[in-house]
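Note: the block below is start00.cif and it holds mmCIF, C-alpha atoms.
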data_my_file
#
loop_
_atom_site.label_atom_id
_atom_site.label_comp_id
_atom_site.auth_asym_id
_atom_site.auth_seq_id
_atom_site.Cartn_x
_atom_site.Cartn_y
_atom_site.Cartn_z
CA MET A 13 116.07 128.74 95.81
CA THR A 14 113.82 128.51 98.83
CA LEU A 15 113.23 125.48 101.05
CA LYS A 16 109.53 124.63 101.10
CA ARG A 17 107.82 122.07 103.35
CA SER A 18 104.57 120.17 103.04
CA PHE A 19 101.75 120.29 105.57
CA PRO A 20 100.87 117.46 107.95
CA PRO A 21 98.54 114.83 106.50
CA VAL A 22 94.80 115.30 106.85
CA VAL A 23 93.71 111.77 107.75
CA ASP A 24 91.88 109.68 110.31
CA GLU A 25 91.20 105.95 110.64
CA GLN A 26 88.11 106.23 108.40
CA VAL A 27 90.01 107.41 105.29
CA ARG A 28 89.24 105.24 102.26
CA LEU A 29 90.58 107.63 99.59
CA LEU A 30 93.92 109.40 99.92
CA ILE A 31 94.71 112.23 97.50
CA LEU A 32 98.40 112.96 97.17
CA GLY A 33 99.71 116.19 95.67
CA SER A 34 103.32 117.08 95.07
CA LEU A 35 104.20 120.07 97.30
CA PRO A 36 102.07 123.10 98.23
CA GLY A 37 102.53 126.17 96.07
CA ASN A 38 103.44 129.62 97.36
CA VAL A 39 99.84 130.79 97.89
CA SER A 40 98.99 127.62 99.83
CA LEU A 41 102.14 127.94 101.91
CA ALA A 42 101.38 131.60 102.66
CA HIS A 43 97.87 130.67 103.85
CA SER A 44 98.90 127.36 105.50
CA GLN A 45 96.09 125.68 103.58
CA TYR A 46 95.97 122.92 101.02
CA TYR A 47 94.95 124.23 97.57
CA ALA A 48 94.54 127.88 98.64
CA HIS A 49 95.24 129.42 95.21
CA PRO A 50 91.88 130.77 93.97
CA GLN A 51 92.46 129.39 90.46
CA ASN A 52 93.35 125.91 91.68
CA ALA A 53 90.38 123.68 90.80
CA PHE A 54 90.93 121.18 93.63
CA TRP A 55 88.02 122.24 95.87
CA ARG A 56 85.68 122.49 92.90
CA LEU A 57 86.73 119.06 91.62
CA ILE A 58 86.60 117.29 94.98
CA SER A 59 83.19 118.86 95.65
CA GLU A 60 81.93 116.98 92.57
CA VAL A 61 83.54 113.77 93.79
CA VAL A 62 81.97 113.89 97.27
CA GLY A 63 78.65 115.37 96.14
CA GLY A 64 78.62 118.59 98.16
CA ASP A 65 79.99 122.10 97.66
CA LEU A 66 83.00 122.29 99.95
CA ARG A 67 83.95 125.70 98.55
CA ALA A 68 81.15 127.30 100.60
CA LEU A 69 82.80 126.17 103.85
CA ASP A 70 85.70 127.73 105.71
CA TYR A 71 88.98 125.83 105.53
CA ALA A 72 88.66 123.89 108.80
CA GLN A 73 85.12 122.83 107.83
CA ARG A 74 86.37 121.74 104.37
CA LEU A 75 88.91 119.44 105.96
CA GLN A 76 86.30 118.01 108.36
CA ALA A 77 83.91 117.46 105.45
CA LEU A 78 86.62 115.63 103.50
CA LEU A 79 87.29 113.36 106.44
CA GLY A 80 83.54 112.85 106.85
CA HIS A 81 83.49 111.52 103.28
CA GLY A 82 86.48 109.24 103.95
CA VAL A 83 88.90 111.44 101.99
CA GLY A 84 92.41 112.31 103.19
CA LEU A 85 95.07 114.67 101.85
CA TRP A 86 98.83 114.79 101.88
CA ASP A 87 101.81 115.49 99.65
CA VAL A 88 104.45 113.20 98.24
CA VAL A 89 107.28 115.67 98.88
CA ALA A 90 108.16 116.45 102.49
CA GLU A 91 110.47 119.31 101.60
CA ALA A 92 112.36 120.61 98.61
CA GLN A 93 114.15 123.57 97.17
CA ARG A 94 111.85 125.33 94.72
CA GLN A 95 111.75 128.73 93.10
CA GLY A 96 108.10 129.72 92.64
CA SER A 97 105.30 127.15 92.66
CA LEU A 98 105.88 124.97 89.59
CA ASP A 99 106.55 121.26 90.15
CA SER A 100 109.16 121.42 87.39
CA ASN A 101 111.25 123.65 89.70
CA ILE A 102 111.39 121.11 92.56
CA VAL A 103 114.99 120.11 93.31
CA ASP A 104 116.75 118.32 96.16
CA HIS A 105 113.50 116.88 97.49
CA ALA A 106 112.92 114.59 100.45
CA ASP A 107 109.92 112.25 100.38
CA ASN A 108 107.17 112.06 102.96
CA ASP A 109 106.73 108.67 104.64
CA LEU A 110 103.92 107.48 102.38
CA VAL A 111 104.39 103.84 103.31
CA GLY A 112 104.09 104.64 107.01
CA LEU A 113 100.97 106.70 106.38
CA ILE A 114 99.14 104.19 104.21
CA ASP A 115 100.01 101.41 106.64
CA SER A 116 98.22 103.44 109.35
CA LEU A 117 94.98 103.70 107.33
CA PRO A 118 93.08 100.41 107.78
CA ARG A 119 90.17 101.33 105.45
CA LEU A 120 92.26 102.82 102.62
CA THR A 121 91.32 101.39 99.22
CA THR A 122 92.17 104.15 96.72
CA ILE A 123 95.09 106.51 96.19
CA GLY A 124 94.68 109.43 93.81
CA PHE A 125 97.72 111.30 92.55
CA ASN A 126 96.98 114.96 91.80
CA GLY A 127 99.26 115.57 88.82
CA GLY A 128 102.16 113.92 87.05
CA THR A 129 104.89 114.88 89.51
CA ALA A 130 102.92 113.51 92.46
CA ALA A 131 102.32 110.27 90.54
CA ARG A 132 105.92 109.86 89.36
CA LEU A 133 107.46 110.49 92.78
CA GLY A 134 104.71 108.82 94.80
CA LEU A 135 104.64 105.58 92.83
CA LYS A 136 108.42 105.38 93.10
CA THR A 137 108.17 105.76 96.88
CA LEU A 138 105.32 103.25 97.25
CA LYS A 139 106.85 100.70 94.84
CA GLU A 140 105.12 97.30 95.18
CA ARG A 141 102.93 98.61 98.03
CA ALA A 142 100.83 100.40 95.39
CA GLU A 143 99.58 97.06 94.08
CA LYS A 144 97.34 96.73 97.15
CA TYR A 145 95.32 99.82 96.20
CA ARG A 146 93.27 101.22 93.37
CA ILE A 147 95.55 103.90 91.89
CA VAL A 148 93.98 106.84 90.06
CA LEU A 149 96.26 109.15 88.09
CA LEU A 150 94.66 112.58 87.89
CA PRO A 151 95.33 115.66 85.81
CA SER A 152 96.68 118.34 88.12
CA SER A 153 94.13 120.68 89.67
CA SER A 154 96.72 123.44 89.38
CA PRO A 155 96.01 126.43 87.11
CA ALA A 156 99.45 125.78 85.59
CA HIS A 157 98.00 122.58 84.05
CA THR A 158 96.01 124.15 81.24
CA MET A 159 93.40 121.49 80.59
CA ALA A 160 89.74 122.44 80.39
CA TYR A 161 87.90 121.98 83.69
CA GLU A 162 85.41 119.55 82.11
CA LYS A 163 88.27 117.31 80.94
CA LYS A 164 89.83 117.36 84.41
CA LEU A 165 86.47 116.58 85.99
CA ALA A 166 85.89 113.62 83.65
CA GLN A 167 88.98 111.98 85.20
CA TRP A 168 88.50 113.19 88.78
CA VAL A 169 85.05 111.56 89.03
CA ASN A 170 86.90 108.22 88.83
CA LEU A 171 87.79 108.85 92.50
CA LYS A 172 84.23 108.25 93.66
CA ILE A 173 84.26 105.62 96.34
CA LYS A 174 81.96 102.70 95.79
CA ASP A 175 80.44 101.51 99.05
#

Now that the file is in, can you turn its structure into structure tokens?
Amino acid sequence: MTLKRSFPPVVDEQVRLLILGSLPGNVSLAHSQYYAHPQNAFWRLISEVVGGDLRALDYAQRLQALLGHGVGLWDVVAEAQRQGSLDSNIVDHADNDLVGLIDSLPRLTTIGFNGGTAARLGLKTLKERAEKYRIVLLPSSSPAHTMAYEKKLAQWVNLKIKD
């Protein structure tokens, strides 16, 4: 087993929507980028949510565009032992300080969990704190979650922030 660590959160004080994944996969870790695997649908899905094609931008510009739309990113798991990239292989995990992060985001209204593992672990960490926010449980953007893109998108559009 290999110890894997999450990236720092991508947030600022304007974040209204926080998307929480589980733990970056091997391709993302190798590139030091959230959702770097070319078959991961995250950037395609979030482009639909924010109304602009983020895939055409380089990585740093993608993150700036997300923040410009009030969207932040982080992972539920701080570090864990995991062989490969599958969430089902996560063992001996330590949680990120989700409570500390959400408490630092004054405009946060919505938390989206990207996949079942993120939701299960994240909701356990947030406990009653989650009641203060609109919680959206999302099908994983990972290629390992074999749901048709259109079905994923139908649920991801629920993240749209109403002004």

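Picture a line from CA of Pro155 in chain A to CA of Trp168 in chain A; it runs 15.3 Å.
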
Of A:Leu15, A:Leu149, A:Ala53, A:Ala48, the one nearest to Asp70 in chain A when counting all atoms listed in the file is A:Ala48

Taking only residues of range 128-163 of chain A that have an atom at most 12 Å from an atom of range 43-47 of chain A, what is each one's shortest atom pair and its distance in Å to one decimal, using all atoms listed in the file, in chain and number order, as JSON lines?
{"residue": "A:Ser152", "atom": "CA", "partner": "A:Tyr47", "partner_atom": "CA", "distance": 11.3}
{"residue": "A:Ser153", "atom": "CA", "partner": "A:Tyr47", "partner_atom": "CA", "distance": 8.7}
{"residue": "A:Ser154", "atom": "CA", "partner": "A:Tyr47", "partner_atom": "CA", "distance": 8.4}
{"residue": "A:Pro155", "atom": "CA", "partner": "A:Tyr47", "partner_atom": "CA", "distance": 10.7}

List the residues selected by the PyMOL selection byres ((chain A and resi 138) around 10) in the file shown, writing them as a short mmCIF file (atom, residue, chain, number, x, y, z; two decimals) with C-alpha atoms, in the frame of the given file.
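Below is the file selection28.cif, written as the result:
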data_model
loop_
_atom_site.label_atom_id
_atom_site.label_comp_id
_atom_site.auth_asym_id
_atom_site.auth_seq_id
_atom_site.Cartn_x
_atom_site.Cartn_y
_atom_site.Cartn_z
CA ASP A 109 106.73 108.67 104.64
CA LEU A 110 103.92 107.48 102.38
CA VAL A 111 104.39 103.84 103.31
CA GLY A 112 104.09 104.64 107.01
CA ILE A 114 99.14 104.19 104.21
CA LEU A 133 107.46 110.49 92.78
CA GLY A 134 104.71 108.82 94.80
CA LEU A 135 104.64 105.58 92.83
CA LYS A 136 108.42 105.38 93.10
CA THR A 137 108.17 105.76 96.88
CA LYS A 139 106.85 100.70 94.84
CA GLU A 140 105.12 97.30 95.18
CA ARG A 141 102.93 98.61 98.03
CA ALA A 142 100.83 100.40 95.39
CA GLU A 143 99.58 97.06 94.08
#

Per residue of range 46-147 of chain A within 8 Å of range 17-32 of chain A, which atom pair is closest and at what distance in Å (one decimal), using only C-alpha atoms, listed by chain and increasing number, as JSON lines?
{"residue": "A:Tyr46", "atom": "CA", "partner": "A:Phe19", "partner_atom": "CA", "distance": 7.8}
{"residue": "A:Leu75", "atom": "CA", "partner": "A:Val22", "partner_atom": "CA", "distance": 7.3}
{"residue": "A:Leu79", "atom": "CA", "partner": "A:Val27", "partner_atom": "CA", "distance": 6.6}
{"residue": "A:His81", "atom": "CA", "partner": "A:Val27", "partner_atom": "CA", "distance": 8.0}
{"residue": "A:Gly82", "atom": "CA", "partner": "A:Val27", "partner_atom": "CA", "distance": 4.2}
{"residue": "A:Val83", "atom": "CA", "partner": "A:Leu29", "partner_atom": "CA", "distance": 4.8}
{"residue": "A:Gly84", "atom": "CA", "partner": "A:Leu30", "partner_atom": "CA", "distance": 4.6}
{"residue": "A:Leu85", "atom": "CA", "partner": "A:Ile31", "partner_atom": "CA", "distance": 5.0}
{"residue": "A:Trp86", "atom": "CA", "partner": "A:Pro21", "partner_atom": "CA", "distance": 4.6}
{"residue": "A:Asp87", "atom": "CA", "partner": "A:Leu32", "partner_atom": "CA", "distance": 4.9}
{"residue": "A:Val88", "atom": "CA", "partner": "A:Leu32", "partner_atom": "CA", "distance": 6.1}
{"residue": "A:Val89", "atom": "CA", "partner": "A:Ser18", "partner_atom": "CA", "distance": 6.7}
{"residue": "A:Ala90", "atom": "CA", "partner": "A:Ser18", "partner_atom": "CA", "distance": 5.2}
{"residue": "A:Glu91", "atom": "CA", "partner": "A:Arg17", "partner_atom": "CA", "distance": 4.2}
{"residue": "A:Ala92", "atom": "CA", "partner": "A:Arg17", "partner_atom": "CA", "distance": 6.7}
{"residue": "A:Ser116", "atom": "CA", "partner": "A:Glu25", "partner_atom": "CA", "distance": 7.6}
{"residue": "A:Leu117", "atom": "CA", "partner": "A:Glu25", "partner_atom": "CA", "distance": 5.5}
{"residue": "A:Pro118", "atom": "CA", "partner": "A:Glu25", "partner_atom": "CA", "distance": 6.5}
{"residue": "A:Arg119", "atom": "CA", "partner": "A:Arg28", "partner_atom": "CA", "distance": 5.1}
{"residue": "A:Leu120", "atom": "CA", "partner": "A:Arg28", "partner_atom": "CA", "distance": 3.9}
{"residue": "A:Thr121", "atom": "CA", "partner": "A:Arg28", "partner_atom": "CA", "distance": 5.3}
{"residue": "A:Thr122", "atom": "CA", "partner": "A:Leu29", "partner_atom": "CA", "distance": 4.8}
{"residue": "A:Ile123", "atom": "CA", "partner": "A:Leu30", "partner_atom": "CA", "distance": 4.9}
{"residue": "A:Gly124", "atom": "CA", "partner": "A:Ile31", "partner_atom": "CA", "distance": 4.6}
{"residue": "A:Phe125", "atom": "CA", "partner": "A:Leu32", "partner_atom": "CA", "distance": 5.0}
{"residue": "A:Asn126", "atom": "CA", "partner": "A:Leu32", "partner_atom": "CA", "distance": 5.9}
{"residue": "A:Ala130", "atom": "CA", "partner": "A:Leu32", "partner_atom": "CA", "distance": 6.6}
{"residue": "A:Gly134", "atom": "CA", "partner": "A:Leu32", "partner_atom": "CA", "distance": 7.9}

Okay, now the selection with C-alpha atoms, as a compact mmCIF listing (two decimals), keeping the file's coordinate frame?
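The resulting file, part_38.txt, is reproduced below:
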# COMPACT_ATOMS: atom_id res chain seq x y z
CA TYR A 46 95.97 122.92 101.02
CA LEU A 75 88.91 119.44 105.96
CA LEU A 79 87.29 113.36 106.44
CA HIS A 81 83.49 111.52 103.28
CA GLY A 82 86.48 109.24 103.95
CA VAL A 83 88.90 111.44 101.99
CA GLY A 84 92.41 112.31 103.19
CA LEU A 85 95.07 114.67 101.85
CA TRP A 86 98.83 114.79 101.88
CA ASP A 87 101.81 115.49 99.65
CA VAL A 88 104.45 113.20 98.24
CA VAL A 89 107.28 115.67 98.88
CA ALA A 90 108.16 116.45 102.49
CA GLU A 91 110.47 119.31 101.60
CA ALA A 92 112.36 120.61 98.61
CA SER A 116 98.22 103.44 109.35
CA LEU A 117 94.98 103.70 107.33
CA PRO A 118 93.08 100.41 107.78
CA ARG A 119 90.17 101.33 105.45
CA LEU A 120 92.26 102.82 102.62
CA THR A 121 91.32 101.39 99.22
CA THR A 122 92.17 104.15 96.72
CA ILE A 123 95.09 106.51 96.19
CA GLY A 124 94.68 109.43 93.81
CA PHE A 125 97.72 111.30 92.55
CA ASN A 126 96.98 114.96 91.80
CA ALA A 130 102.92 113.51 92.46
CA GLY A 134 104.71 108.82 94.80

- Which one is closest to Gln167 in chain A: A:Pro36, A:Leu150, A:Leu113, A:Ile58? Count all atoms listed in the file.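 The shortest atom-to-atom distance to Gln167 in chain A comes from A:Leu150.
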
Practice problem: Compare A:Gly128, A:Gln95, A:Leu171, A:Asp65 by their minimum atom-to-atom distance to Val148 in chain A, counting all atoms listed in the file, and give me the closest one. | Solution: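 Closest candidate: A:Leu171.
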
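Here the PyMOL selection byres ((chain A and resi 66) around 12) matches the residues Ala53, Phe54, Trp55, Arg56, Leu57, Ile58, Ser59, Glu60, Val61, Val62, Gly63, Gly64, Asp65, Arg67, Ala68, Leu69, Asp70, Tyr71, Ala72, Gln73, Arg74, Leu75, Gln76, Ala77, Leu78, Leu79, Gly80 and His81 of chain A.
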
Atom pair CA of Ser40 in chain A / CA of Arg94 in chain A: separation (Å):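 Separation between CA of Ser40 in chain A and CA of Arg94 in chain A: 14.0 Å.
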
| query | Of the candidates A:Gln93, A:Asn170, A:Gln51, A:Ser34, which shows the shortest atom-to-atom distance to Arg132 in chain A, using all atoms listed in the file? | reply |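 Of A:Gln93, A:Asn170, A:Gln51, A:Ser34, the one nearest Arg132 in chain A is A:Ser34, counting all atoms listed in the file.
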
Original post:
Can you list, as JSON, numbers by chain, every protein, DNA or RNA residue that comes within 9 Å of range 156-159 of chain A when you count only C-alpha atoms, leaving out same-chain residues fewer than 4 positions away?
Top reply: {"A": [52, 98, 127, 151, 152, 163, 164]}

Grab all the atoms of range 79-93 of chain A that the file lists, wrap them in a box along x, y and z, add 8 Å per side, and give me centre plus edge lengths in Å (one decimal) as lines of an AutoDock Vina configuration file.
center_x = 98.8
center_y = 116.4
center_z = 102.0
size_x = 46.7
size_y = 30.3
size_z = 25.7

What is the CA of Ile147 in chain A-CA of Val39 in chain A distance in Å, reported with one decimal?
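Between CA of Ile147 in chain A and CA of Val39 in chain A the gap is 27.9 Å.
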